[in-house]
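> Sharing final-v5.csv below, CSV, C-alpha atoms:
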chain,number,residue,atom,x,y,z
A,121,MET,CA,0.0,0.0,0.0
A,122,ASN,CA,1.5,3.3,-1.0
A,123,ARG,CA,1.2,6.7,0.7
A,124,GLN,CA,-1.8,7.8,-1.5
A,125,GLN,CA,-3.8,4.7,-0.5
A,126,LYS,CA,-2.9,5.2,3.2
A,127,LEU,CA,-4.1,8.8,3.0
A,128,ALA,CA,-7.3,7.8,1.3
A,129,TRP,CA,-8.1,5.2,4.0
A,130,PHE,CA,-7.2,7.8,6.7
A,131,ASN,CA,-9.6,10.3,5.1
A,132,LEU,CA,-12.3,7.7,4.8
A,133,VAL,CA,-12.1,6.6,8.4
A,134,ILE,CA,-12.1,10.1,9.8
A,135,LEU,CA,-15.0,11.3,7.6
A,136,VAL,CA,-17.2,8.3,8.4
A,137,PHE,CA,-16.4,8.5,12.1
A,138,SER,CA,-17.3,12.2,12.1
A,139,LEU,CA,-20.6,11.5,10.3
A,140,LEU,CA,-21.5,8.7,12.7
A,141,LEU,CA,-20.6,10.7,15.8
A,142,SER,CA,-22.5,13.9,14.7
A,143,SER,CA,-25.5,11.8,13.5
A,144,THR,CA,-25.6,10.0,16.9
A,145,VAL,CA,-25.6,13.4,18.7
A,146,VAL,CA,-28.3,14.8,16.5
A,147,ILE,CA,-30.5,11.7,17.1
A,148,TRP,CA,-29.8,11.8,20.8
A,149,MET,CA,-30.8,15.5,21.0
A,150,ALA,CA,-33.9,15.0,19.0
A,151,VAL,CA,-35.2,11.8,20.7
A,152,VAL,CA,-33.9,12.0,24.3
A,153,LEU,CA,-33.7,15.8,24.8
A,154,LYS,CA,-36.6,16.5,22.4
A,155,ALA,CA,-34.7,19.5,21.2
A,156,GLY,CA,-36.7,19.9,17.9
A,157,PRO,CA,-34.9,21.6,15.0
A,158,ILE,CA,-32.1,22.7,17.4
A,159,ALA,CA,-31.0,19.1,17.4
A,160,LEU,CA,-29.5,19.7,14.0
A,161,SER,CA,-26.9,21.8,15.6
A,162,GLY,CA,-25.3,18.5,16.6
A,163,PHE,CA,-24.0,18.3,13.1
A,164,GLY,CA,-21.5,21.0,14.2
A,165,LEU,CA,-19.5,18.1,15.6
A,166,PHE,CA,-18.9,17.1,12.0
A,167,ALA,CA,-16.2,19.8,12.0
A,168,ILE,CA,-13.9,17.2,13.6
A,169,CYS,CA,-13.7,15.7,10.1
A,170,LEU,CA,-11.2,18.5,9.4
A,171,LEU,CA,-8.7,16.2,11.3
A,172,HIS,CA,-8.3,14.5,8.0
A,173,LEU,CA,-6.2,17.5,7.0
A,174,LEU,CA,-3.5,16.1,9.3
A,175,GLY,CA,-3.1,13.1,7.0
A,176,PRO,CA,0.1,14.4,5.3
A,177,ALA,CA,1.7,14.8,8.8
A,178,VAL,CA,0.6,11.3,9.9
A,179,PHE,CA,2.0,9.8,6.7
A,180,PRO,CA,5.0,11.8,5.7
A,181,LYS,CA,6.8,11.3,2.5
A,182,LYS,CA,9.6,8.7,3.0
A,183,ARG,CA,12.1,8.7,0.2
A,184,LYS,CA,14.5,5.8,0.0
A,185,ALA,CA,17.7,6.4,-2.1
A,186,GLY,CA,17.1,5.9,-5.8
A,187,GLN,CA,13.4,5.1,-5.4
A,188,VAL,CA,10.5,7.1,-6.8
A,189,VAL,CA,7.6,7.6,-4.5
A,190,PHE,CA,5.2,9.5,-6.8
A,191,ASP,CA,5.0,9.1,-10.6
A,192,GLU,CA,2.8,9.8,-13.6
A,193,ARG,CA,0.3,7.0,-12.7
A,194,ASP,CA,-0.1,8.4,-9.1
A,195,ALA,CA,-0.6,11.9,-10.6
A,196,GLU,CA,-3.2,10.6,-13.0
A,197,ILE,CA,-5.1,8.8,-10.3
A,198,ALA,CA,-5.0,11.9,-8.0
A,199,ARG,CA,-6.3,14.0,-10.9
A,200,ARG,CA,-9.2,11.7,-11.7
A,201,ALA,CA,-10.1,11.3,-8.0
A,202,LEU,CA,-10.2,15.0,-7.6
A,203,SER,CA,-12.4,15.5,-10.6
A,204,TYR,CA,-14.8,12.8,-9.5
A,205,GLY,CA,-15.0,14.4,-6.1
A,206,ASP,CA,-15.7,17.8,-7.7
A,207,VAL,CA,-18.4,16.3,-9.9
A,208,THR,CA,-20.2,14.6,-7.0
A,209,SER,CA,-20.1,17.7,-4.8
A,210,ASN,CA,-21.6,19.7,-7.6
A,211,VAL,CA,-24.4,17.1,-8.1
A,212,PHE,CA,-25.0,17.2,-4.4
A,213,PHE,CA,-25.3,21.0,-4.4
A,214,VAL,CA,-27.6,21.1,-7.3
A,215,SER,CA,-29.8,18.3,-6.1
A,216,THR,CA,-30.1,19.8,-2.7
A,217,PHE,CA,-31.4,23.1,-4.0
A,218,VAL,CA,-33.7,21.3,-6.5
A,219,CYS,CA,-35.1,19.2,-3.7
A,220,ALA,CA,-35.6,22.2,-1.5
A,221,LEU,CA,-37.3,24.0,-4.3
A,222,LEU,CA,-39.6,21.0,-5.0
A,223,ALA,CA,-40.4,20.5,-1.3
A,224,LEU,CA,-40.9,24.2,-0.3
A,225,GLY,CA,-41.9,25.9,-3.5
A,226,PHE,CA,-40.8,29.3,-4.8
A,227,GLU,CA,-42.1,31.1,-1.8
A,228,GLY,CA,-40.6,28.7,0.7
A,229,SER,CA,-37.7,29.5,3.1
A,230,VAL,CA,-35.0,27.6,4.9
A,231,ARG,CA,-33.1,28.3,8.1
A,232,VAL,CA,-29.7,30.0,7.5
A,233,ALA,CA,-28.1,27.3,9.7
A,234,SER,CA,-29.0,24.7,7.1
A,235,LEU,CA,-26.6,26.3,4.7
A,236,GLY,CA,-23.8,24.9,6.9
A,237,LEU,CA,-25.3,21.5,6.6
A,238,ILE,CA,-25.3,21.8,2.8
A,239,ILE,CA,-21.7,22.9,2.7
A,240,GLY,CA,-20.6,20.2,5.1
A,241,GLY,CA,-22.6,17.6,3.1
A,242,ALA,CA,-20.9,18.7,-0.1
A,243,TYR,CA,-17.5,18.5,1.5
A,244,PHE,CA,-18.2,15.1,2.9
A,245,VAL,CA,-19.5,13.8,-0.4
A,246,SER,CA,-16.5,15.3,-2.3
A,247,LYS,CA,-13.9,13.9,0.0
A,248,VAL,CA,-15.5,10.4,0.4
A,249,THR,CA,-15.8,10.1,-3.4
A,250,GLU,CA,-12.2,11.3,-3.8
A,251,SER,CA,-10.9,8.7,-1.3
A,252,LEU,CA,-13.0,5.8,-2.7
A,253,THR,CA,-12.0,6.7,-6.3
A,254,THR,CA,-8.3,6.6,-5.2
A,255,LEU,CA,-8.7,3.2,-3.6
A,256,ILE,CA,-10.7,1.8,-6.5
A,257,LEU,CA,-8.3,3.1,-9.2
A,258,TYR,CA,-5.2,1.7,-7.4
A,259,GLY,CA,-7.1,-1.6,-6.9
A,260,ARG,CA,-5.5,-4.6,-5.3
A,261,GLU,CA,-1.8,-5.3,-5.8
A,262,PRO,CA,-1.8,-8.8,-7.1
A,263,LYS,CA,0.2,-11.2,-4.9
A,264,ASP,CA,1.5,-13.4,-7.8
A,265,VAL,CA,3.2,-10.6,-9.6
A,266,GLN,CA,6.1,-10.3,-7.2
A,267,ASP,CA,9.6,-9.9,-8.8
B,35,MET,CA,-7.9,1.2,-14.0
B,36,SER,CA,-9.3,-1.0,-16.7
B,37,LYS,CA,-7.4,-3.3,-19.1
B,38,THR,CA,-5.7,-1.5,-21.9
B,39,GLU,CA,-5.3,-2.6,-25.6
B,40,LEU,CA,-1.5,-2.1,-25.2
B,41,LYS,CA,0.3,-5.4,-24.9
B,42,ASN,CA,3.9,-5.6,-23.7
B,43,ARG,CA,6.8,-8.0,-23.2
B,44,ILE,CA,8.2,-6.4,-20.1
B,45,ARG,CA,7.9,-9.5,-17.9
B,46,ARG,CA,9.7,-11.6,-20.5
B,47,LEU,CA,12.3,-9.0,-21.1
B,48,ARG,CA,13.0,-8.6,-17.4
B,49,PHE,CA,13.8,-12.3,-17.1
B,50,ASP,CA,16.0,-12.1,-20.3
B,51,HIS,CA,18.0,-9.3,-18.7
B,52,ASP,CA,19.5,-11.2,-15.8
B,53,GLU,CA,16.2,-11.6,-14.1
B,54,MET,CA,15.8,-7.9,-13.4
B,55,THR,CA,13.4,-7.2,-10.6
B,56,GLN,CA,10.4,-5.0,-10.9
B,57,GLN,CA,11.9,-2.6,-8.4
B,58,GLU,CA,15.2,-2.4,-10.4
B,59,LEU,CA,13.3,-1.7,-13.6
B,60,ALA,CA,11.1,0.9,-11.7
B,61,ASN,CA,14.2,2.7,-10.4
B,62,ARG,CA,15.8,2.8,-13.8
B,63,ALA,CA,12.7,4.0,-15.5
B,64,GLY,CA,11.9,6.5,-12.8
B,65,VAL,CA,8.6,5.2,-11.6
B,66,THR,CA,7.2,3.2,-8.7
B,67,ARG,CA,7.1,-0.6,-8.6
B,68,GLN,CA,3.3,-0.5,-8.5
B,69,THR,CA,3.3,1.3,-11.9
B,70,ILE,CA,5.5,-1.5,-13.4
B,71,ILE,CA,3.1,-4.1,-12.0
B,72,ALA,CA,0.2,-2.2,-13.5
B,73,ILE,CA,1.9,-1.9,-16.9
B,74,GLU,CA,3.0,-5.6,-16.9
B,75,GLY,CA,-0.6,-6.6,-16.1
B,76,GLY,CA,-2.0,-4.4,-18.9
B,77,LYS,CA,-3.9,-2.3,-16.4
B,78,TYR,CA,-2.1,0.9,-17.2
B,79,ALA,CA,-1.1,2.4,-20.5
B,80,PRO,CA,2.2,4.4,-19.9
B,81,SER,CA,2.8,7.8,-21.4
B,82,LEU,CA,4.9,7.9,-24.5
B,83,MET,CA,7.9,9.3,-22.4
B,84,LEU,CA,7.7,6.4,-19.9
B,85,ALA,CA,7.3,3.8,-22.7
B,86,PHE,CA,10.5,5.2,-24.3
B,87,ARG,CA,12.3,5.1,-21.0
B,88,ILE,CA,11.3,1.5,-20.4
B,89,ALA,CA,12.4,0.5,-23.9
B,90,ARG,CA,15.7,2.3,-23.4
B,91,VAL,CA,16.3,0.3,-20.2
B,92,PHE,CA,16.2,-2.9,-22.2
B,93,GLY,CA,18.1,-1.3,-25.1
B,94,LEU,CA,15.2,-2.0,-27.5
B,95,ARG,CA,13.0,0.0,-29.8
B,96,LEU,CA,9.5,1.0,-28.5
B,97,GLU,CA,7.6,-1.5,-30.7
B,98,GLU,CA,9.8,-4.3,-29.6
B,99,VAL,CA,8.5,-3.8,-26.0
B,100,PHE,CA,4.9,-2.5,-26.6
B,101,GLN,CA,2.4,-3.7,-29.2
B,102,TYR,CA,-1.0,-2.3,-29.9
B,103,ASP,CA,-3.7,-5.0,-29.7
B,104,LYS,CA,-5.4,-5.0,-33.2
B,105,ALA,CA,-8.3,-7.0,-31.9
B,106,GLY,CA,-9.5,-3.9,-30.1
B,107,LEU,CA,-9.5,-1.8,-33.3
B,108,GLY,CA,-12.8,-0.5,-34.6
B,109,LYS,CA,-14.5,-0.8,-31.2
B,110,ASP,CA,-13.7,2.6,-30.0
B,111,SER,CA,-10.9,3.7,-32.2
B,112,GLY,CA,-13.2,6.0,-34.2
B,113,THR,CA,-12.5,4.2,-37.5
B,114,LYS,CA,-15.5,3.1,-39.6
B,115,THR,CA,-15.7,0.5,-42.4
B,116,PRO,CA,-16.3,2.4,-45.6
B,117,ARG,CA,-19.7,1.6,-47.3
B,118,LYS,CA,-19.6,-0.1,-50.7
As structure tokens - that is how I would like this structure written.

Amino acid sequence: MNRQQKLAWFNLVILVFSLLLSSTVVIWMAVVLKAGPIALSGFGLFAICLLHLLGPAVFPKKRKAGQVVFDERDAEIARRALSYGDVTSNVFFVSTFVCALLALGFEGSVRVASLGLIIGGAYFVSKVTESLTTLILYGREPKDVQD
Amino acid sequence: MSKTELKNRIRRLRFDHDEMTQQELANRAGVTRQTIIAIEGGKYAPSLMLAFRIARVFGLRLEEVFQYDKAGLGKDSGTKTPRK
């Protein structure tokens, strides 16, 4: 497993953990505390997903003498993963606004706080897609193709 | 990455060149070992520059290392059979 794959796994774990934690808090506030719409503020905990930005520090570049650690294939995979992430976040944005329009109509209104949810959701979708694409494109290293 | 239509003889050539390891070839071609594995398995089509570098490692011409799979021609190559 190379550094890019490790970073993708790290991002995926942090993002899914953040989503599960914040969703649990929201459900707990809504059901146990009967907080109503305020319960959605529990999604603020999703901000801990920004811990994934520490990935490059957790997995620093290790360069052995004479060995290449990042080449044209890695760059191609990174570029494709990034573009897939961008596409899915754009689709998420557009579909969110279309759904809101269909559900609430032209005269409807949404809470300003929900904008944060939309931005967080788009970020989540983008990063998860990017990580999954990276892992899929690298695929499994076959065991029988050793030297 | 999906299978490419580019065939190669890298595995054969490595063994012919004193059983050169994938890591050794990777170092000499300036790529990672994973990329050599992907190219050997036909899962990645290298850039023209990399293909030339690999051919140069073996001291051969490009077409002696890489061959285009003609069976894949016509499917998505954009060529059409002319009407009679």
> Using only C-alpha atoms, find which residues of chain B lie within 6 Å of chain A and jot them down as a PyMOL selection string.
chain B and resi 35+55-56+61+65-66
> Within 12 Å of stretch 218-232 of chain A, counting all atoms listed in the file, which residues show up once you throw out same-chain ones fewer than 5 positions away? Write them as JSON, numbers by chain, please.
{"A": [157, 158, 160, 161, 211, 212, 213, 237, 238, 239]}
> Smallest atom-to-atom distance to A:Ser203: which of A:Leu173, A:Ile168, A:Glu250, A:Phe244, using only C-alpha atoms?
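Of all the options, A:Glu250 lies closest to A:Ser203.
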> Expressed in Å to a single decimal, how great is the separation between atom CA of A:Val207 and atom CA of A:Ser246?
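Going from atom CA of A:Val207 over to atom CA of A:Ser246, I get 7.9 Å.
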> So the first atom is atom CA of B:Ala79 and the second is atom CA of A:Val248; what is the distance between them in Å, to one decimal place?
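Atom-to-atom, atom CA of B:Ala79 and atom CA of A:Val248 are spaced 26.6 Å apart.
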> So which residues fall inside 6 Å of (-8.1, 6.0, -1.2) if we count only C-alpha atoms? Mind giving them as number ranges by chain?
A: 125, 128-129, 251-252, 254-255
> As an exercise, work out the distance from atom CA of B:Val99 to atom CA of B:Gln68 in Å and give it to one decimal place.
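Result for atom CA of B:Val99 versus atom CA of B:Gln68: 18.6 Å, one decimal.
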> Step by step: start from the point (6.0, -7.3, -17.4) in the file's coordinates, keep every protein, DNA or RNA residue that has an atom no farther than 10 Å from it, count only C-alpha atoms, and write the set as a PyMOL selection string.
(chain A and resi 265+267) or (chain B and resi 41-49+56+59+70-76+99)
> Neighbouring residues of A:Phe137 were defined as those with any atom within 9 Å, considering all atoms listed in the file; residues of the same chain fewer than 5 positions away were excluded. Please report them as a PyMOL selection string.
chain A and resi 132+142+166+169
> Of the candidates A:Glu196, A:Arg123, A:Val145, A:Val133, which shows the shortest atom-to-atom distance to A:Lys182, using all atoms listed in the file?
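Smallest separation from A:Lys182 among the options: A:Arg123.
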> Which polymer residues have any atom within 9 Å of an atom of stretch 87-91 of chain B, counting only C-alpha atoms, with same-chain residues fewer than 3 positions away left out, as an MDAnalysis selection string?
chainID B and resid 44 59:60 62:64 82:84 94:100
